[in-house]
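The file target-v2.pdb contains PDB, C-alpha atoms and all ligand atoms:
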ATOM      1  CA  SER Y 218      -3.484 -16.357 -12.071
ATOM      2  CA  THR Y 219      -0.885 -13.783 -13.116
ATOM      3  CA  GLU Y 220      -1.911 -10.906 -15.359
ATOM      4  CA  GLN Y 221       0.542  -8.369 -16.752
ATOM      5  CA  LEU Y 222      -1.033  -4.924 -16.413
ATOM      6  CA  ASP Y 223       1.741  -3.085 -18.196
ATOM      7  CA  ASP Y 224       5.533  -2.953 -18.458
ATOM      8  CA  GLY Y 225       6.791  -3.915 -14.991
ATOM      9  CA  ALA Y 226       3.321  -4.202 -13.408
ATOM     10  CA  TRP Y 227       1.781  -7.544 -12.462
ATOM     11  CA  LEU Y 228      -1.509  -8.540 -10.865
ATOM     12  CA  LEU Y 229      -1.248 -11.806  -8.920
ATOM     13  CA  ARG Y 230      -4.865 -12.751  -8.249
ATOM     14  CA  GLY Y 231      -5.353 -14.508  -4.921
ATOM     15  CA  PHE Y 232      -1.608 -14.728  -4.213
ATOM     16  CA  ALA Y 233      -2.130 -13.877  -0.495
ATOM     17  CA  LEU Y 234      -5.360 -15.841  -0.010
ATOM     18  CA  GLU Y 235      -3.904 -18.718   1.986
ATOM     19  CA  LYS Y 236      -2.105 -16.318   4.337
ATOM     20  CA  ALA Y 237      -4.981 -13.893   4.882
ATOM     21  CA  VAL Y 238      -5.850 -14.967   8.442
ATOM     22  CA  PRO Y 239      -2.294 -14.610   9.826
ATOM     23  CA  LEU Y 240      -1.796 -11.364   7.865
ATOM     24  CA  ILE Y 241      -4.901  -9.825   9.445
ATOM     25  CA  ALA Y 242      -3.801 -10.992  12.903
ATOM     26  CA  ALA Y 243      -0.396  -9.395  12.269
ATOM     27  CA  ILE Y 244      -2.065  -6.122  11.197
ATOM     28  CA  GLU Y 245      -3.902  -6.090  14.533
ATOM     29  CA  ALA Y 246      -0.621  -6.640  16.405
ATOM     30  CA  VAL Y 247       1.106  -3.829  14.470
ATOM     31  CA  ALA Y 248      -1.838  -1.492  15.179
ATOM     32  CA  LYS Y 249      -1.623  -2.254  18.886
ATOM     33  CA  ALA Y 250       1.947  -0.900  18.954
ATOM     34  CA  ALA Y 251       1.423   1.877  16.370
ATOM     35  CA  PRO Y 252      -2.290   2.764  16.229
ATOM     36  CA  PHE Y 253      -4.013   3.679  12.959
ATOM     37  CA  ARG Y 254      -4.288   7.433  12.489
ATOM     38  CA  HIS Y 255      -5.547   9.910   9.922
ATOM     39  CA  LEU Y 256      -2.580  11.896   8.653
ATOM     40  CA  VAL Y 257      -2.869  15.509   7.549
ATOM     41  CA  THR Y 258      -1.564  16.495   4.119
ATOM     42  CA  PRO Y 259       0.841  19.419   3.689
ATOM     43  CA  GLY Y 260      -2.192  21.328   2.368
ATOM     44  CA  GLY Y 261      -4.031  20.787   5.657
ATOM     45  CA  PHE Y 262      -6.528  18.085   4.620
ATOM     46  CA  ARG Y 263      -7.200  15.086   6.870
ATOM     47  CA  MET Y 264      -6.766  11.899   4.843
ATOM     48  CA  SER Y 265      -9.852   9.650   4.827
ATOM     49  CA  VAL Y 266      -7.669   6.541   4.840
ATOM     50  CA  ALA Y 267      -6.254   5.563   8.246
ATOM     51  CA  MET Y 268      -2.584   4.525   8.239
ATOM     52  CA  THR Y 269       0.136   2.914  10.268
ATOM     53  CA  ASN Y 270       3.532   1.380   9.419
ATOM     54  CA  CYS Y 271       5.931  -1.351  10.378
ATOM     55  CA  GLY Y 272       9.559  -1.890   9.484
ATOM     56  CA  ALA Y 273      12.658   0.266   9.929
ATOM     57  CA  TYR Y 274      10.814   3.348   8.601
ATOM     58  CA  GLY Y 275       7.277   4.601   8.212
ATOM     59  CA  TRP Y 276       5.614   6.988   5.776
ATOM     60  CA  VAL Y 277       4.217  10.077   7.483
ATOM     61  CA  SER Y 278       2.621  13.336   6.429
ATOM     62  CA  ASP Y 279       1.984  16.599   8.233
ATOM     63  CA  ARG Y 280       1.913  20.345   7.493
ATOM     64  CA  ARG Y 281       5.689  20.230   6.877
ATOM     65  CA  GLY Y 282       5.456  17.634   4.102
ATOM     66  CA  TYR Y 283       5.617  13.918   3.291
ATOM     67  CA  ARG Y 284       8.584  11.839   4.425
ATOM     68  CA  TYR Y 285       9.825   8.536   5.797
ATOM     69  CA  ASP Y 286      10.752   8.568   9.475
ATOM     70  CA  ALA Y 287      12.281   5.888  11.723
ATOM     71  CA  VAL Y 288      10.181   7.236  14.630
ATOM     72  CA  ASP Y 289       6.397   7.122  14.877
ATOM     73  CA  PRO Y 290       5.451  10.752  15.620
ATOM     74  CA  ASP Y 291       2.322   9.618  17.526
ATOM     75  CA  THR Y 292       4.140   7.348  19.991
ATOM     76  CA  GLY Y 293       7.685   8.751  19.904
ATOM     77  CA  ARG Y 294       8.947   5.184  19.467
ATOM     78  CA  ALA Y 295      10.395   3.175  16.596
ATOM     79  CA  TRP Y 296       7.781   1.589  14.328
ATOM     80  CA  PRO Y 297       7.024  -2.061  15.161
ATOM     81  CA  ALA Y 298       9.213  -4.582  13.347
ATOM     82  CA  MET Y 299       7.898  -5.988  10.108
ATOM     83  CA  PRO Y 300       6.221  -9.325  10.942
ATOM     84  CA  SER Y 301       7.953 -12.228   9.184
ATOM     85  CA  SER Y 302       4.592 -13.217   7.637
ATOM     86  CA  PHE Y 303       4.564  -9.799   5.901
ATOM     87  CA  LEU Y 304       8.170  -9.891   4.772
ATOM     88  CA  ASP Y 305       8.019 -13.447   3.432
ATOM     89  CA  LEU Y 306       4.901 -12.820   1.352
ATOM     90  CA  GLY Y 307       6.109  -9.432   0.075
ATOM     91  CA  ARG Y 308       9.347 -11.006  -1.117
ATOM     92  CA  GLU Y 309       7.626 -14.040  -2.658
ATOM     93  CA  ALA Y 310       5.279 -11.777  -4.624
ATOM     94  CA  ALA Y 311       8.132  -9.578  -5.857
ATOM     95  CA  GLN Y 312      10.048 -12.683  -6.914
ATOM     96  CA  ALA Y 313       7.001 -14.060  -8.776
ATOM     97  CA  ALA Y 314       6.918 -10.782 -10.735
ATOM     98  CA  GLY Y 315      10.626 -10.943 -11.578
ATOM     99  CA  TYR Y 316      12.039  -8.746  -8.779
ATOM    100  CA  ALA Y 317      14.174 -11.300  -6.935
ATOM    101  CA  GLN Y 318      16.263  -8.731  -5.031
ATOM    102  CA  PHE Y 319      13.446  -6.864  -3.281
ATOM    103  CA  ASN Y 320      14.268  -6.175   0.360
ATOM    104  CA  PRO Y 321      11.565  -3.870   1.741
ATOM    105  CA  ASP Y 322      12.303  -1.729   4.810
ATOM    106  CA  VAL Y 323       8.783  -0.242   5.119
ATOM    107  CA  CYS Y 324       5.301  -1.687   5.128
ATOM    108  CA  LEU Y 325       2.631   1.016   5.029
ATOM    109  CA  VAL Y 326      -0.731  -0.315   6.219
ATOM    110  CA  ASN Y 327      -3.865   1.443   4.955
ATOM    111  CA  ARG Y 328      -7.324   0.936   6.481
ATOM    112  CA  TYR Y 329     -10.441   1.843   4.488
ATOM    113  CA  THR Y 330     -13.985   2.191   5.865
ATOM    114  CA  PRO Y 331     -17.024   2.718   3.585
ATOM    115  CA  GLY Y 332     -16.548   5.964   1.619
ATOM    116  CA  THR Y 333     -12.777   6.120   2.181
ATOM    117  CA  ARG Y 334     -10.832   7.032  -0.942
ATOM    118  CA  LEU Y 335      -7.290   7.732  -2.010
ATOM    119  CA  THR Y 336      -7.041  10.462  -4.629
ATOM    120  CA  LEU Y 337      -4.758  10.108  -7.652
ATOM    121  CA  HIS Y 338      -1.093  10.380  -6.597
ATOM    122  CA  GLN Y 339       2.401   9.069  -7.272
ATOM    123  CA  ASP Y 340       4.553   7.228  -4.717
ATOM    124  CA  ARG Y 341       7.783   9.158  -5.006
ATOM    125  CA  ASP Y 342       9.083   9.690  -1.477
ATOM    126  CA  GLU Y 343      11.212   6.527  -1.590
ATOM    127  CA  GLY Y 344      14.975   6.749  -2.016
ATOM    128  CA  ASP Y 345      15.371   4.550  -5.072
ATOM    129  CA  PHE Y 346      12.726   3.951  -7.729
ATOM    130  CA  ALA Y 347      14.590   0.863  -9.003
ATOM    131  CA  HIS Y 348      12.788  -1.065  -6.271
ATOM    132  CA  PRO Y 349       9.191  -2.107  -6.936
ATOM    133  CA  ILE Y 350       6.228  -1.624  -4.617
ATOM    134  CA  VAL Y 351       4.231  -4.688  -3.616
ATOM    135  CA  SER Y 352       0.570  -4.177  -2.628
ATOM    136  CA  ILE Y 353      -1.649  -6.743  -0.853
ATOM    137  CA  SER Y 354      -5.418  -6.259  -0.644
ATOM    138  CA  LEU Y 355      -7.446  -7.771   2.218
ATOM    139  CA  GLY Y 356     -11.143  -7.606   3.097
ATOM    140  CA  VAL Y 357     -13.735  -5.595   1.211
ATOM    141  CA  PRO Y 358     -13.027  -5.223  -2.540
ATOM    142  CA  ALA Y 359     -11.995  -1.866  -4.006
ATOM    143  CA  THR Y 360     -11.793  -0.164  -7.375
ATOM    144  CA  PHE Y 361      -8.192   0.692  -8.192
ATOM    145  CA  LEU Y 362      -7.600   3.633 -10.540
ATOM    146  CA  TRP Y 363      -4.514   3.322 -12.643
ATOM    147  CA  GLY Y 364      -3.251   6.258 -14.640
ATOM    148  CA  GLY Y 365      -0.155   7.226 -16.564
ATOM    149  CA  LEU Y 366       2.961   9.226 -15.807
ATOM    150  CA  ALA Y 367       1.115  12.580 -15.982
ATOM    151  CA  ARG Y 368      -1.754  13.447 -13.647
ATOM    152  CA  GLY Y 369      -4.147  14.153 -16.495
ATOM    153  CA  ASP Y 370      -3.588  10.839 -18.311
ATOM    154  CA  LYS Y 371      -6.578   8.570 -18.820
ATOM    155  CA  THR Y 372      -7.173   6.064 -15.970
ATOM    156  CA  ARG Y 373      -8.062   2.397 -16.158
ATOM    157  CA  ARG Y 374     -10.089   0.697 -13.422
ATOM    158  CA  TYR Y 375      -9.399  -2.684 -11.847
ATOM    159  CA  ALA Y 376     -11.336  -4.443  -9.102
ATOM    160  CA  LEU Y 377      -8.958  -5.582  -6.353
ATOM    161  CA  TYR Y 378     -10.271  -8.429  -4.208
ATOM    162  CA  HIS Y 379      -9.313 -10.014  -0.913
ATOM    163  CA  GLY Y 380      -5.994 -11.798  -1.400
ATOM    164  CA  ASP Y 381      -4.957 -10.001  -4.583
ATOM    165  CA  VAL Y 382      -1.355  -8.830  -4.856
ATOM    166  CA  VAL Y 383      -0.017  -6.237  -7.286
ATOM    167  CA  VAL Y 384       3.656  -5.569  -8.019
ATOM    168  CA  TRP Y 385       4.574  -2.211  -9.572
ATOM    169  CA  GLY Y 386       8.071  -1.702 -10.834
ATOM    170  CA  GLY Y 387      10.197  -0.615 -13.771
ATOM    171  CA  PRO Y 388       8.418   1.797 -16.126
ATOM    172  CA  SER Y 389       5.182   1.508 -14.049
ATOM    173  CA  ARG Y 390       6.756   2.497 -10.751
ATOM    174  CA  LEU Y 391       5.825   6.184 -10.955
ATOM    175  CA  ARG Y 392       2.356   5.928 -12.448
ATOM    176  CA  PHE Y 393      -0.441   7.948 -10.922
ATOM    177  CA  HIS Y 394      -2.906   5.749  -9.053
ATOM    178  CA  GLY Y 395      -5.702   5.889  -6.491
ATOM    179  CA  ILE Y 396      -8.644   4.081  -4.906
ATOM    180  CA  ALA Y 397     -12.286   5.017  -5.631
ATOM    181  CA  PRO Y 398     -14.555   5.607  -2.594
ATOM    182  CA  LEU Y 399     -14.980   2.224  -0.880
ATOM    183  CA  LYS Y 400     -18.427   0.686  -1.272
ATOM    184  CA  SER Y 401     -20.171  -0.706   1.799
ATOM    185  CA  ALA Y 402     -19.811  -4.463   1.958
ATOM    186  CA  ASP Y 403     -19.348  -7.172   4.546
ATOM    187  CA  HIS Y 404     -16.327  -9.453   4.518
ATOM    188  CA  PRO Y 405     -16.178 -12.523   6.785
ATOM    189  CA  LEU Y 406     -12.652 -11.681   8.016
ATOM    190  CA  THR Y 407     -12.728  -7.866   8.213
ATOM    191  CA  GLY Y 408     -16.381  -6.754   8.426
ATOM    192  CA  ASN Y 409     -16.786  -3.502   6.489
ATOM    193  CA  LEU Y 410     -13.050  -2.813   6.297
ATOM    194  CA  ARG Y 411     -10.466  -3.041   3.549
ATOM    195  CA  PHE Y 412      -6.773  -3.257   4.425
ATOM    196  CA  ASN Y 413      -3.935  -2.660   2.014
ATOM    197  CA  LEU Y 414      -0.301  -3.452   2.749
ATOM    198  CA  THR Y 415       2.324  -1.738   0.615
ATOM    199  CA  PHE Y 416       5.913  -2.941   0.845
ATOM    200  CA  ARG Y 417       8.494  -0.341  -0.066
ATOM    201  CA  ARG Y 418      12.235   0.186  -0.069
ATOM    202  CA  GLN Y 419      12.904   3.578   1.411
ATOM    203  CA  GLY Y 420      16.634   3.523   2.131
ATOM    204  CA  SER Y 421      19.170   2.750  -0.577
TER     205      SER Y 421
HETATM  206  C1  LIG A 501      -4.150   0.974  -1.754
HETATM  207  N1  LIG A 501      -2.168   2.282  -1.791
HETATM  208  O1  LIG A 501      -4.867   0.107  -2.236
HETATM  209  C2  LIG A 501      -3.089   1.574  -2.641
HETATM  210  C3  LIG A 501      -2.479   0.481  -3.398
HETATM  211  C4  LIG A 501      -0.538   3.959  -1.254
HETATM  212  C5  LIG A 501      -1.476   3.337  -2.225
HETATM  213  O2  LIG A 501      -1.563   3.789  -3.330
HETATM  214  O3  LIG A 501       0.263   4.791  -1.672
HETATM  215  O4  LIG A 501      -0.576   3.569  -0.064
HETATM  216  S1  LIG A 501      -0.707   0.601  -3.762
HETATM  217  C6  LIG A 501      -0.693   1.028  -5.401
HETATM  218  C7  LIG A 501       0.546   1.506  -6.107
HETATM  219  C8  LIG A 501       1.731   1.757  -5.480
HETATM  220  C9  LIG A 501       2.830   2.201  -6.250
HETATM  221  C10 LIG A 501       2.731   2.390  -7.625
HETATM  222  C11 LIG A 501       1.510   2.137  -8.204
HETATM  223  C12 LIG A 501       0.428   1.706  -7.463
HETATM  224  N2  LIG A 501       1.356   2.327  -9.574
HETATM  225  O5  LIG A 501       2.327   2.581 -10.274
HETATM  226  O6  LIG A 501       0.194   2.266 -10.055
HETATM  227  O7  LIG A 501      -4.261   1.389  -0.596
HETATM  228 FE    FE A 502       0.218   4.997  -3.706
END

Can I see the file as structure tokens?
Amino acid sequence: STEQLDDGAWLLRGFALEKAVPLIAAIEAVAKAAPFRHLVTPGGFRMSVAMTNCGAYGWVSDRRGYRYDAVDPDTGRAWPAMPSSFLDLGREAAQAAGYAQFNPDVCLVNRYTPGTRLTLHQDRDEGDFAHPIVSISLGVPATFLWGGLARGDKTRRYALYHGDVVVWGGPSRLRFHGIAPLKSADHPLTGNLRFNLTFRRQGS
């Protein structure tokens, strides 16, 4: 089913379900070349979510700030190429939500263990906010917190399940959002883990 969350924001329930097994295998291949790591925020806090990237650029954070970089600072090499299974599904989801021209050059991969959270934030390090962000949830379900354009705005909660895809664009592109601490659960494909893929356009 397709549910409109707000202007420019669409929840495509189960859109990735049929491709979940190859997507998870591709995550494992990406993580072999660019291992998951816990980034440090500019304020010095270790993030509870573990991250890696694929594509021409990757999102990184350290004491100097947040940025996109073509080189993985942990390996000194380019990020692994975006698997075609990722790119195809990211584009199909964007198209289903009305963004036919989406050509992502980054896929940020997040890995959640029980208790992992992502505090309320905006995604604003990309070069051009005209492009949407496509998010694919795999494994253990999570509670997504969806706010407004100011940090203090009221948040709504949505359960995101294995295979769900969300597309955020237009007036919803810069909303504050986060993930509540992950509950312990067991998923047949991922055990106690949740993965989230976010497709982004970094370069213009
Ligand atoms: C996650 N990841 O489930 C979430 C889902 C991240 C991140 O937030 O930055 O890696 S992506 C949700 C998202 C992205 C861009 C805009 C909006 C939500 N939004 O306007 O609500 O790991
Ligand atoms: Fe985000």

**OP:** Could you tell me, counting all atoms listed in the file, which protein and nucleic acid residues lie no more than 9 Å from ligand LIG 501 (chain A), written as a PyMOL selection string?
**Re:** chain Y and resi 226+266+268+325-329+334-341+349-354+359-366+377+383-386+388-396+411-417

Same residues, C-alpha atoms, saved as an mmCIF file, keeping the file's coordinate frame:
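Printed below is selection-v1.cif as written:
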data_model
loop_
_atom_site.group_PDB
_atom_site.id
_atom_site.type_symbol
_atom_site.label_atom_id
_atom_site.label_comp_id
_atom_site.auth_asym_id
_atom_site.auth_seq_id
_atom_site.Cartn_x
_atom_site.Cartn_y
_atom_site.Cartn_z
ATOM 1 C CA ALA Y 226 3.321 -4.202 -13.408
ATOM 2 C CA VAL Y 266 -7.669 6.541 4.840
ATOM 3 C CA MET Y 268 -2.584 4.525 8.239
ATOM 4 C CA LEU Y 325 2.631 1.016 5.029
ATOM 5 C CA VAL Y 326 -0.731 -0.315 6.219
ATOM 6 C CA ASN Y 327 -3.865 1.443 4.955
ATOM 7 C CA ARG Y 328 -7.324 0.936 6.481
ATOM 8 C CA TYR Y 329 -10.441 1.843 4.488
ATOM 9 C CA ARG Y 334 -10.832 7.032 -0.942
ATOM 10 C CA LEU Y 335 -7.290 7.732 -2.010
ATOM 11 C CA THR Y 336 -7.041 10.462 -4.629
ATOM 12 C CA LEU Y 337 -4.758 10.108 -7.652
ATOM 13 C CA HIS Y 338 -1.093 10.380 -6.597
ATOM 14 C CA GLN Y 339 2.401 9.069 -7.272
ATOM 15 C CA ASP Y 340 4.553 7.228 -4.717
ATOM 16 C CA ARG Y 341 7.783 9.158 -5.006
ATOM 17 C CA PRO Y 349 9.191 -2.107 -6.936
ATOM 18 C CA ILE Y 350 6.228 -1.624 -4.617
ATOM 19 C CA VAL Y 351 4.231 -4.688 -3.616
ATOM 20 C CA SER Y 352 0.570 -4.177 -2.628
ATOM 21 C CA ILE Y 353 -1.649 -6.743 -0.853
ATOM 22 C CA SER Y 354 -5.418 -6.259 -0.644
ATOM 23 C CA ALA Y 359 -11.995 -1.866 -4.006
ATOM 24 C CA THR Y 360 -11.793 -0.164 -7.375
ATOM 25 C CA PHE Y 361 -8.192 0.692 -8.192
ATOM 26 C CA LEU Y 362 -7.600 3.633 -10.540
ATOM 27 C CA TRP Y 363 -4.514 3.322 -12.643
ATOM 28 C CA GLY Y 364 -3.251 6.258 -14.640
ATOM 29 C CA GLY Y 365 -0.155 7.226 -16.564
ATOM 30 C CA LEU Y 366 2.961 9.226 -15.807
ATOM 31 C CA LEU Y 377 -8.958 -5.582 -6.353
ATOM 32 C CA VAL Y 383 -0.017 -6.237 -7.286
ATOM 33 C CA VAL Y 384 3.656 -5.569 -8.019
ATOM 34 C CA TRP Y 385 4.574 -2.211 -9.572
ATOM 35 C CA GLY Y 386 8.071 -1.702 -10.834
ATOM 36 C CA PRO Y 388 8.418 1.797 -16.126
ATOM 37 C CA SER Y 389 5.182 1.508 -14.049
ATOM 38 C CA ARG Y 390 6.756 2.497 -10.751
ATOM 39 C CA LEU Y 391 5.825 6.184 -10.955
ATOM 40 C CA ARG Y 392 2.356 5.928 -12.448
ATOM 41 C CA PHE Y 393 -0.441 7.948 -10.922
ATOM 42 C CA HIS Y 394 -2.906 5.749 -9.053
ATOM 43 C CA GLY Y 395 -5.702 5.889 -6.491
ATOM 44 C CA ILE Y 396 -8.644 4.081 -4.906
ATOM 45 C CA ARG Y 411 -10.466 -3.041 3.549
ATOM 46 C CA PHE Y 412 -6.773 -3.257 4.425
ATOM 47 C CA ASN Y 413 -3.935 -2.660 2.014
ATOM 48 C CA LEU Y 414 -0.301 -3.452 2.749
ATOM 49 C CA THR Y 415 2.324 -1.738 0.615
ATOM 50 C CA PHE Y 416 5.913 -2.941 0.845
ATOM 51 C CA ARG Y 417 8.494 -0.341 -0.066
#

Original post:
What residues come out when you apply the PyMOL selection byres (((chain Y and resi 295) around 10) and not hetatm) to this file, written as a PyMOL selection string?
Top reply: chain Y and resi 250-251+271-275+286-290+292-294+296-298

Using C-alpha atoms, can you export the residues from the last selection as an mmCIF file, in the coordinates of the input?
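Now in result_3.cif:
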data_model
loop_
_atom_site.group_PDB
_atom_site.id
_atom_site.type_symbol
_atom_site.label_atom_id
_atom_site.label_comp_id
_atom_site.auth_asym_id
_atom_site.auth_seq_id
_atom_site.Cartn_x
_atom_site.Cartn_y
_atom_site.Cartn_z
ATOM 1 C CA ALA Y 250 1.947 -0.900 18.954
ATOM 2 C CA ALA Y 251 1.423 1.877 16.370
ATOM 3 C CA CYS Y 271 5.931 -1.351 10.378
ATOM 4 C CA GLY Y 272 9.559 -1.890 9.484
ATOM 5 C CA ALA Y 273 12.658 0.266 9.929
ATOM 6 C CA TYR Y 274 10.814 3.348 8.601
ATOM 7 C CA GLY Y 275 7.277 4.601 8.212
ATOM 8 C CA ASP Y 286 10.752 8.568 9.475
ATOM 9 C CA ALA Y 287 12.281 5.888 11.723
ATOM 10 C CA VAL Y 288 10.181 7.236 14.630
ATOM 11 C CA ASP Y 289 6.397 7.122 14.877
ATOM 12 C CA PRO Y 290 5.451 10.752 15.620
ATOM 13 C CA THR Y 292 4.140 7.348 19.991
ATOM 14 C CA GLY Y 293 7.685 8.751 19.904
ATOM 15 C CA ARG Y 294 8.947 5.184 19.467
ATOM 16 C CA TRP Y 296 7.781 1.589 14.328
ATOM 17 C CA PRO Y 297 7.024 -2.061 15.161
ATOM 18 C CA ALA Y 298 9.213 -4.582 13.347
#

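Of the listed residues (Y:Glu343, Y:Tyr375, Y:Leu234, Y:Ala248), Y:Glu343 comes nearest to ligand FE 502 (chain A); the distances count only C-alpha atoms and all ligand atoms.
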
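Proximity to Leu228 of chain Y was assessed for Y:Arg373, Y:Ala314, Y:Gln419, Y:Leu406 counting all atoms listed in the file; the smallest distance is recorded for Y:Ala314.
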
**OP:** Can you turn the PyMOL selection byres (((chain Y and resi 218) around 8) and not hetatm) into a concrete residue list for this file, as a PyMOL selection string?
**Re:** chain Y and resi 219-220+229-231

Original post:
Nearest to ligand FE 502 (chain A): which of Y:Asp342, Y:Ala310, Y:Asn409, Y:Tyr378 is it, counting only C-alpha atoms and all ligand atoms?
Top reply: Y:Asp342

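Put simply, atom CA of Gly387 of chain Y is 13.3 Å away from atom CA of Ala317 of chain Y.
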
Original post:
Got a sec: who's within 8 Å of Gly344 of chain Y, counting all atoms listed in the file, leaving out chain neighbours fewer than 3 positions off, as a VMD selection string?
Top reply: chain Y and resid 418 to 421
